[in-house]
Protein chains: 4
Amino acid sequence: MSFGSDNHAPVHPKIMDALQTANEGLAPSYGTDDLTAEAQKLLNQWLGKKASSFFVYNGTAANILALRSLTQGFHSVLCSQSSHLWNDEGIAPEAIAQVKLIPIPDHHGKLQVSSLQKYLQRLGDQHFAQPKVLSLTVPTELGTCYSMEELKELTSFARAHQLWIHIDGARFANALHFLQVSPVDFFQQIPCDILSFGGTKNGWMFGETVVVFQAPDIYPIKFFRKQFMNLPSKTRYLAAQLKAYLQDDVWKEIAEHSCAMANLLHHELQTIPGLHIPYPVQSNAVFLQLPQPWIKVLRSRHFFYVWDEETFLCRLMMNWTTTAETVHDFCRELRSLVSKTATDQSLVR
Amino acid sequence: MSFGSDNHAPVHPKIMDALQTANEGLAPSYGTDDLTAEAQKLLNQWLGKKASSFFVYNGTAANILALRSLTQGFHSVLCSQSSHLWNDEGIAPEAIAQVKLIPIPDHHGKLQVSSLQKYLQRLGDQHFAQPKVLSLTVPTELGTCYSMEELKELTSFARAHQLWIHIDGARFANALHFLQVSPVDFFQQIPCDILSFGGTKNGWMFGETVVVFQAPDIYPIKFFRKQFMNLPSKTRYLAAQLKAYLQDDVWKEIAEHSCAMANLLHHELQTIPGLHIPYPVQSNAVFLQLPQPWIKVLRSRHFFYVWDEETFLCRLMMNWTTTAETVHDFCRELRSLVSKTATDQSLVR
Amino acid sequence: MSFGSDNHAPVHPKIMDALQTANEGLAPSYGTDDLTAEAQKLLNQWLGKKASSFFVYNGTAANILALRSLTQGFHSVLCSQSSHLWNDEGIAPEAIAQVKLIPIPDHHGKLQVSSLQKYLQRLGDQHFAQPKVLSLTVPTELGTCYSMEELKELTSFARAHQLWIHIDGARFANALHFLQVSPVDFFQQIPCDILSFGGTKNGWMFGETVVVFQAPDIYPIKFFRKQFMNLPSKTRYLAAQLKAYLQDDVWKEIAEHSCAMANLLHHELQTIPGLHIPYPVQSNAVFLQLPQPWIKVLRSRHFFYVWDEETFLCRLMMNWTTTAETVHDFCRELRSLVSKTATDQSLVR
Amino acid sequence: MSFGSDNHAPVHPKIMDALQTANEGLAPSYGTDDLTAEAQKLLNQWLGKKASSFFVYNGTAANILALRSLTQGFHSVLCSQSSHLWNDEGIAPEAIAQVKLIPIPDHHGKLQVSSLQKYLQRLGDQHFAQPKVLSLTVPTELGTCYSMEELKELTSFARAHQLWIHIDGARFANALHFLQVSPVDFFQQIPCDILSFGGTKNGWMFGETVVVFQAPDIYPIKFFRKQFMNLPSKTRYLAAQLKAYLQDDVWKEIAEHSCAMANLLHHELQTIPGLHIPYPVQSNAVFLQLPQPWIKVLRSRHFFYVWDEETFLCRLMMNWTTTAETVHDFCRELRSLVSKTATDQSLVR
């Protein structure tokens, strides 16, 4: 039993079936196969907009390709200081996309318009990396979600200041679910230039889609994808996954279930006295501060990551296979630790 | 029917089955799963040596990660001027691995020791990219294969001149088949520091393995893989493929069949008068110079790539699903074109 | 009259003379001339230590070469969020040195040990740029100076956590003057791996010296300097400047005078009511918050830079030619503005 | 006495005087000083065209900034295989400008139109670095010079194939002298997008000028110059040199003299039997193949570089201070070696 990551989950059966079905006969490579054309068409319908889409292998690649496509080698990208982009992409954004990331203090993982203005100084100054992109993580790395209002405000600010808008949507479907908005409505209301549209953490075997609504120039993107070592040859297997994911509301089913499990866990945790849950639960993650001695005990049955090695903030991640039983089981253990701690000093932090 | 690429072939059924079987329950990510441990152990047995192995998504990534791991940012890599590395990796070797490739004239795609010495000048000269790696493509991009003797000579030269040895083995199993040597014997006889061990072109869905026998420092490699946007999260699906590929001699079966089809095609072509087959057929590729007007006709039924837009050299690539019927069918068409050309001037180049 | 930058000052006459004197006959290039050998020997005496030194053209190059020499392409550098490194090197640190800079909140431009610990998490985690260098600006970009005690504490922390120590000393002589310590004593007490030793802002025509006390590997540095487009050919002209700067205490004379002028200005400013001088004056810079309407008036006679476009913090920079008259003249103007503002609302911010 | 490099020569007295004269009072930095404006105006008159010009510190920087300004990160640059760009810039073109250099066989250092066509294949193919720039070295690294006819042919080819044209003119004035054409006439007849206009090898202390006639976008260039660590702060000292160089025909005087010395040497060498002078002498360099045992003897009095460690091709470089006496002296020594070799077997190669 693991709350480690949505990456620990198996491939959703409908997506696995699609891979099996696609595995028939020869197919041209590098995106020239019929399945890729079909999947891209379906994606545009789903988005309610015409976009160019580029399959890549993983989320890092999606983000880096997005940023490279929007910048020219002397630009900065405004992002939250708790974003995956700032903390978990090694130095790929800087060394590969050749952007300077500006990590901005956030509230519960969410950027606020009021914090952005002061980063827009020194325009035209050759000594200073020029702000060019606002990167929003939707939902955020801390399991929270911008409201549509917040997104409108932030993207209006970006548009008003000539910043391109990138959405890191590694778990984008979860945000749609939380916001109770269809993708078509979302993109009608929220301007977005490039979306990193997550697959791997949403029931795929591998693969993400870089959705380009708009960019300074579309032509170079295919060359950068190749250079970034993310040009898949057998594209039918990515197309098959995308198609299966968008069809029959598989994307919705996965999002709904994993978010529901996070809500269940959150609900249960609130009944346990003395726990600190620092952020609203608005996606499939629950963050929880735990006494250090509890962590080893709890992880022996339910793996999860310690998010901050100083404060012992922990992240519990739900996935499409997480069961209510697992959630209850974990909470039982927690309650038992609460009791034990009352009498055992060694369990107090 | 396609002679376009081994990338056009579907996933081998045993590998597809392995993916299906692996798709059960939760598994830790980023190489910490049991299946990855198993596959890596099996790989070491297959190699007859202990090596560190790193899964990546595609062949470009394998090569770039290999070169980055062997160099320090001011080095050059000696390679054949007809290699995939020089011609088909965009500028990834230069821009990402930060090496200077030195394209060396070759014979039928094979480097010769006698050509190498003159590239080893100016050692220590700060103006000059310092030679540090010899990259050998086995089998070569032109479908030929170094003999064991040639490999020994080249690798001895490299060792004598403090050059690391990289083998680009996108179709490595084909070389083992051609050389009629086991992997264990191969690596006992041929020193190699890093092998790009190909999966995708050999019946996998996606994925390659960077096999590190030796490197200046192993520790940074995992960081470079991440930076190069090629750290797979759900590693079980790569491990499952590697395991299935190495077990039950699947690797051998695939190599044997596709090479046999190339030999069959070569044999048939030799019976057709007036064709120019410039290179020995020693892997799963057959190169053939064709009159320009024939190309359109032939490609309408059997897709293949024009390798040189000036000389109309064409590449016909066999894969594990290619049938003798397809080969015969293609040759029938060719023969028919020979006949027609005798009477139709528009078919003469 | 300008408080714009120490870059606005002419070359010190003794340094200009040295350039003239060096301009005699032929001399070998790229550091093989006698004058370079002499200057490097003299530098080692001045430092009281044997170091390898590398001339470069400017301060950006010195910093970037230093960081590249201490890291391997997957490392981060801890620096102050108000440092030149973070704010004024474009994206050169990231794109060229391939490091991730971590901007750390500071106090008056100075890093504090208590802020550093939390940046040393996730060691060995491949997703996370690994902290490897502590970069200290001495004196800081805000005109303040670490005490010897503070430097000992910070460098001890660095040593204890396997961080290399880089000192950005674009105005290093000013710090020696403020600390009233000789270079020999400084480096006996303060561990430092690489020093960017400033020339241009200290009376040179051009050029800085990268002083390498220690590095993972010295050999690659000359290659990186070439790659970073900072290998000077006619090194005698850099050597001549370094020699003249170190001889006859020219370095001390320049530092003393410009710091004295800053102290004079600071002293005068304190007698003017209502001014906000946010930082201690410990080098040749004075920072001053001014009502926006005053800035245009003042700059018409004495150019200076607005440091923060939001708060109208301004920087007044002294150089080796600044006179007490200029300082008094500026203060007279300021006093006059104070008076006028009492009666003229348009001058109130 | 040295035939090592034009880099071994001192600064021309008129240029040194200009530096001295410029060293008066304060001047704004980063190109905002009056002298820079004057020099740039004078340069445009000299060119007979309006161009944007950017001072940089050295020739590597000039070339790399030029190439970066003309390309977008997935392009290749066609250049001669004997060019400085291919052989002597380390991996700066690849790692910093992010271009792939394509080294093309040449004749006496000169590219020929007939060799270029075959490098223009695979346009639009994402696997292949896309040809975008033709880089011509004028005069070539081998001391030869394209005729105006040859330049017209090559640049017409470039224009016809949408290649930008870069001229590496580290010794550009020498070419003007050889061609007996004024700069105004040259640029009226020869299309050029960016010229690396050499100073250092032509009597300057340091510095080159990147002359941009045309580029995809001018705006980013200043940011790239900063990123490439080549933004000079005290620009008056570069401007002073450029101005002095262009005024009073100093550029012409230097070119004339050093080329005349090369012609003199060439003339003398032709009277010595048995010497192999492989290339026409059309600039300030003379290439000469020498028996290995002679080299040590000759270099003890007249330093020069061995250009090819295999063939013992040597390069003798004239500069503005080279005297006829030195040339005669060298030839006397050579003649003496010819005599001695007749009787001393140890002097035969």
# chains A, B, ... in the order shown; residues from 1 in each chain; ligands from 1

call {"tool": "interface_residues", "arguments": {"of": "chain A", "to": "chain B", "cutoff": "8 Å", "atoms": "only C-alpha atoms", "output": "PyMOL selection string"}}
result
chain A and resi 1-2+4+7-11+16+20+23-29+57-58+60-61+89-92+96+205-206+223+226-234+237

call {"tool": "write_last_selection", "arguments": {"atoms": "N, CA, C and O atoms", "output": "compact mmCIF listing (two decimals), in the first residue's frame"}}
result
# COMPACT_ATOMS: atom_id res chain seq x y z
N MET A 1 0.85 -1.19 0.00
CA MET A 1 0.00 0.00 0.00
C MET A 1 0.88 1.24 0.00
O MET A 1 1.79 1.36 0.81
N SER A 2 0.61 2.13 -0.91
CA SER A 2 1.53 3.26 -1.05
C SER A 2 0.78 4.56 -1.29
O SER A 2 -0.14 4.64 -2.11
N GLY A 4 2.82 6.98 -1.98
CA GLY A 4 4.06 7.60 -2.44
C GLY A 4 3.86 8.56 -3.60
O GLY A 4 4.29 9.70 -3.57
N ASN A 7 2.72 8.02 -9.58
CA ASN A 7 3.61 7.24 -10.45
C ASN A 7 3.73 5.78 -10.04
O ASN A 7 4.28 4.97 -10.77
N HIS A 8 3.26 5.47 -8.84
CA HIS A 8 3.36 4.08 -8.37
C HIS A 8 2.22 3.22 -8.89
O HIS A 8 2.27 1.99 -8.80
N ALA A 9 1.21 3.87 -9.41
CA ALA A 9 0.03 3.14 -9.86
C ALA A 9 0.27 2.44 -11.19
O ALA A 9 1.11 2.87 -11.98
N PRO A 10 -0.45 1.37 -11.43
CA PRO A 10 -0.33 0.70 -12.74
C PRO A 10 -1.05 1.52 -13.82
O PRO A 10 -1.69 2.53 -13.52
N VAL A 11 -0.91 1.07 -15.04
CA VAL A 11 -1.61 1.69 -16.16
C VAL A 11 -3.09 1.34 -16.08
O VAL A 11 -3.45 0.20 -15.77
N MET A 16 -4.28 0.40 -21.11
CA MET A 16 -3.50 -0.80 -21.42
C MET A 16 -4.12 -1.53 -22.61
O MET A 16 -3.41 -1.99 -23.52
N GLN A 20 -2.52 -2.44 -26.37
CA GLN A 20 -2.59 -3.79 -26.96
C GLN A 20 -3.22 -3.71 -28.36
O GLN A 20 -2.70 -4.27 -29.32
N ASN A 23 -1.12 -2.42 -31.15
CA ASN A 23 0.06 -3.22 -31.46
C ASN A 23 -0.18 -4.21 -32.59
O ASN A 23 0.04 -5.40 -32.46
N GLU A 24 -0.62 -3.69 -33.70
CA GLU A 24 -1.04 -4.54 -34.80
C GLU A 24 -0.43 -4.01 -36.09
O GLU A 24 -0.70 -2.88 -36.49
N GLY A 25 0.41 -4.79 -36.71
CA GLY A 25 0.94 -4.40 -38.02
C GLY A 25 1.94 -3.26 -37.95
O GLY A 25 2.33 -2.81 -36.87
N LEU A 26 2.35 -2.84 -39.12
CA LEU A 26 3.33 -1.76 -39.21
C LEU A 26 2.64 -0.40 -39.12
O LEU A 26 1.47 -0.26 -39.46
N ALA A 27 3.37 0.58 -38.66
CA ALA A 27 2.84 1.96 -38.63
C ALA A 27 4.00 2.92 -38.83
O ALA A 27 5.07 2.71 -38.26
N PRO A 28 3.79 3.95 -39.63
CA PRO A 28 4.89 4.91 -39.79
C PRO A 28 5.20 5.59 -38.46
O PRO A 28 4.39 5.60 -37.53
N SER A 29 6.39 6.13 -38.39
CA SER A 29 6.90 6.62 -37.11
C SER A 29 6.90 8.15 -37.04
O SER A 29 6.49 8.83 -37.98
N TYR A 57 8.16 12.26 -23.67
CA TYR A 57 8.15 11.10 -22.79
C TYR A 57 7.77 11.40 -21.36
O TYR A 57 7.09 10.62 -20.72
N ASN A 58 8.25 12.52 -20.83
CA ASN A 58 7.91 12.76 -19.42
C ASN A 58 7.63 14.22 -19.12
O ASN A 58 7.72 15.09 -20.01
N THR A 60 9.14 16.44 -17.14
CA THR A 60 10.26 17.37 -17.23
C THR A 60 10.39 17.86 -18.67
O THR A 60 10.49 19.06 -18.93
N ALA A 61 10.37 16.92 -19.59
CA ALA A 61 10.50 17.28 -21.00
C ALA A 61 9.37 18.21 -21.44
O ALA A 61 9.60 19.18 -22.18
N GLU A 89 13.18 19.83 -11.10
CA GLU A 89 13.61 19.57 -12.48
C GLU A 89 15.14 19.66 -12.58
O GLU A 89 15.66 19.91 -13.66
N GLY A 90 15.85 19.41 -11.46
CA GLY A 90 17.30 19.56 -11.49
C GLY A 90 17.62 20.95 -12.01
O GLY A 90 16.97 21.93 -11.63
N ILE A 91 18.62 21.04 -12.89
CA ILE A 91 18.84 22.35 -13.50
C ILE A 91 18.45 22.33 -14.98
O ILE A 91 18.94 23.13 -15.77
N ALA A 92 17.53 21.43 -15.31
CA ALA A 92 17.09 21.36 -16.71
C ALA A 92 16.49 22.67 -17.22
O ALA A 92 16.80 23.09 -18.34
N ILE A 96 19.04 23.59 -19.96
CA ILE A 96 18.54 23.10 -21.25
C ILE A 96 17.61 24.13 -21.90
O ILE A 96 17.80 24.49 -23.05
N MET A 205 1.14 4.71 -19.17
CA MET A 205 2.38 3.99 -18.94
C MET A 205 3.57 4.95 -18.97
O MET A 205 4.48 4.87 -18.17
N PHE A 206 3.50 5.90 -19.90
CA PHE A 206 4.55 6.92 -20.05
C PHE A 206 3.98 7.96 -21.03
O PHE A 206 3.10 7.62 -21.83
N PHE A 223 12.21 20.69 -33.66
CA PHE A 223 13.67 20.54 -33.58
C PHE A 223 14.14 20.53 -32.12
O PHE A 223 15.04 19.77 -31.76
N LYS A 226 13.45 17.13 -30.57
CA LYS A 226 14.50 16.17 -30.95
C LYS A 226 15.76 16.43 -30.13
O LYS A 226 16.36 15.51 -29.57
N GLN A 227 16.18 17.69 -30.10
CA GLN A 227 17.39 18.04 -29.37
C GLN A 227 17.27 17.69 -27.88
O GLN A 227 18.24 17.33 -27.25
N PHE A 228 16.07 17.78 -27.37
CA PHE A 228 15.83 17.49 -25.96
C PHE A 228 15.62 15.99 -25.74
O PHE A 228 15.18 15.58 -24.68
N MET A 229 15.96 15.22 -26.72
CA MET A 229 15.96 13.76 -26.59
C MET A 229 14.59 13.22 -26.22
O MET A 229 14.44 12.27 -25.47
N ASN A 230 13.55 13.87 -26.80
CA ASN A 230 12.20 13.46 -26.48
C ASN A 230 11.32 13.32 -27.70
O ASN A 230 10.11 13.49 -27.62
N LEU A 231 11.95 13.01 -28.82
CA LEU A 231 11.17 12.70 -30.01
C LEU A 231 10.90 11.20 -30.00
O LEU A 231 11.80 10.40 -30.23
N PRO A 232 9.67 10.80 -29.71
CA PRO A 232 9.36 9.37 -29.71
C PRO A 232 9.29 8.86 -31.15
O PRO A 232 8.81 9.58 -32.04
N SER A 233 9.79 7.67 -31.39
CA SER A 233 9.69 7.12 -32.74
C SER A 233 8.34 6.44 -32.96
O SER A 233 7.61 6.78 -33.88
N LYS A 234 8.00 5.52 -32.08
CA LYS A 234 6.76 4.75 -32.29
C LYS A 234 5.58 5.49 -31.67
O LYS A 234 5.04 5.10 -30.63
N TYR A 237 2.01 4.46 -29.92
CA TYR A 237 1.78 4.03 -28.54
C TYR A 237 1.51 5.21 -27.61
O TYR A 237 0.97 5.04 -26.53

call {"tool": "select_by_dssp", "arguments": {"residues": "segment 14-151 of chain D", "states": "helix (DSSP H, G or I)", "output": "ChimeraX atom specification"}}
result
/D:14-22,34-47,59-70,84-87,92-95,113-119,148-151

call {"tool": "residues_around", "arguments": {"residues": "His328 of chain A", "least_positions_apart": "3", "cutoff": "9 Å", "atoms": "only C-alpha atoms", "output": "ChimeraX atom specification"}}
result
/A:264-265,268,323-325,331-333

call {"tool": "residues_around", "arguments": {"residues": "Tyr245 of chain A", "least_positions_apart": "4", "cutoff": "10 Å", "atoms": "only C-alpha atoms", "output": "VMD selection string"}}
result
chain A and resid 12 14 to 15 18 39 43 199 202 to 204 239 to 241 249 to 254

call {"tool": "residues_around", "arguments": {"residues": "Ser336 of chain A", "least_positions_apart": "5", "cutoff": "12 Å", "atoms": "only C-alpha atoms", "output": "count of residues only"}}
result
13

call {"tool": "residues_around", "arguments": {"residues": "Arg122 of chain D", "least_positions_apart": "5", "cutoff": "9 Å", "atoms": "only C-alpha atoms", "output": "list in words"}}
result
Asp308 and Glu309 of chain B; His127, Phe128, Ala129 and Gln130 of chain D

call {"tool": "write_last_selection", "arguments": {"atoms": "N, CA, C and O atoms", "output": "PDB file, in the first residue's frame"}}
result
ATOM      1  N   ASP B 308      20.185   9.564 -49.597  1.00  0.00           N
ATOM      2  CA  ASP B 308      20.970  10.674 -50.111  1.00  0.00           C
ATOM      3  C   ASP B 308      20.184  11.325 -51.250  1.00  0.00           C
ATOM      4  O   ASP B 308      19.937  10.695 -52.285  1.00  0.00           O
ATOM      5  N   GLU B 309      19.791  12.555 -51.049  1.00  0.00           N
ATOM      6  CA  GLU B 309      18.911  13.228 -52.009  1.00  0.00           C
ATOM      7  C   GLU B 309      19.639  13.583 -53.298  1.00  0.00           C
ATOM      8  O   GLU B 309      19.005  13.958 -54.282  1.00  0.00           O
TER       9      GLU B 309
ATOM     10  N   HIS D 127      15.449  15.603 -37.527  1.00  0.00           N
ATOM     11  CA  HIS D 127      16.628  14.890 -37.027  1.00  0.00           C
ATOM     12  C   HIS D 127      17.934  15.576 -37.414  1.00  0.00           C
ATOM     13  O   HIS D 127      18.999  15.194 -36.930  1.00  0.00           O
ATOM     14  N   PHE D 128      17.846  16.539 -38.307  1.00  0.00           N
ATOM     15  CA  PHE D 128      19.036  17.050 -38.971  1.00  0.00           C
ATOM     16  C   PHE D 128      19.227  18.535 -38.663  1.00  0.00           C
ATOM     17  O   PHE D 128      18.314  19.343 -38.884  1.00  0.00           O
ATOM     18  N   ALA D 129      20.402  18.896 -38.170  1.00  0.00           N
ATOM     19  CA  ALA D 129      20.699  20.317 -37.928  1.00  0.00           C
ATOM     20  C   ALA D 129      20.515  21.065 -39.243  1.00  0.00           C
ATOM     21  O   ALA D 129      21.107  20.709 -40.258  1.00  0.00           O
ATOM     22  N   GLN D 130      19.710  22.104 -39.226  1.00  0.00           N
ATOM     23  CA  GLN D 130      19.319  22.790 -40.456  1.00  0.00           C
ATOM     24  C   GLN D 130      20.337  23.868 -40.854  1.00  0.00           C
ATOM     25  O   GLN D 130      20.580  24.801 -40.091  1.00  0.00           O
TER      26      GLN D 130
END

call {"tool": "atom_distance", "arguments": {"atom1": "atom CA of Ser76 of chain C", "atom2": "atom CA of Asp168 of chain C"}}
result
16.1 Å

call {"tool": "residues_around", "arguments": {"residues": "Phe187 of chain D", "least_positions_apart": "4", "cutoff": "7 Å", "atoms": "only C-alpha atoms", "output": "list of chain:residue names"}}
result
D:Leu47, D:Pro183, D:Pro191

call {"tool": "write_last_selection", "arguments": {"atoms": "C-alpha atoms", "output": "tab-separated table (two decimals), in the first residue's frame"}}
result
chain	number	residue	atom	x	y	z
D	47	LEU	CA	31.73	50.73	-44.25
D	183	PRO	CA	35.67	48.84	-47.50
D	191	PRO	CA	26.49	40.90	-49.29

call {"tool": "select_by_dssp", "arguments": {"residues": "segment 62-120 of chain D", "states": "strand (DSSP E or B)", "output": "list in words"}}
result
His75, Ser76, Val77, Leu78, Cys79, Ser80, Lys100, Leu101, Ile102, Pro103, Ile104, His107 and Lys110 of chain D

call {"tool": "atom_distance", "arguments": {"atom1": "atom CA of Pro280 of chain C", "atom2": "atom CA of Gln180 of chain C"}}
result
16.7 Å

call {"tool": "atom_distance", "arguments": {"atom1": "atom CA of Ser80 of chain A", "atom2": "atom CA of Val306 of chain A"}}
result
20.0 Å
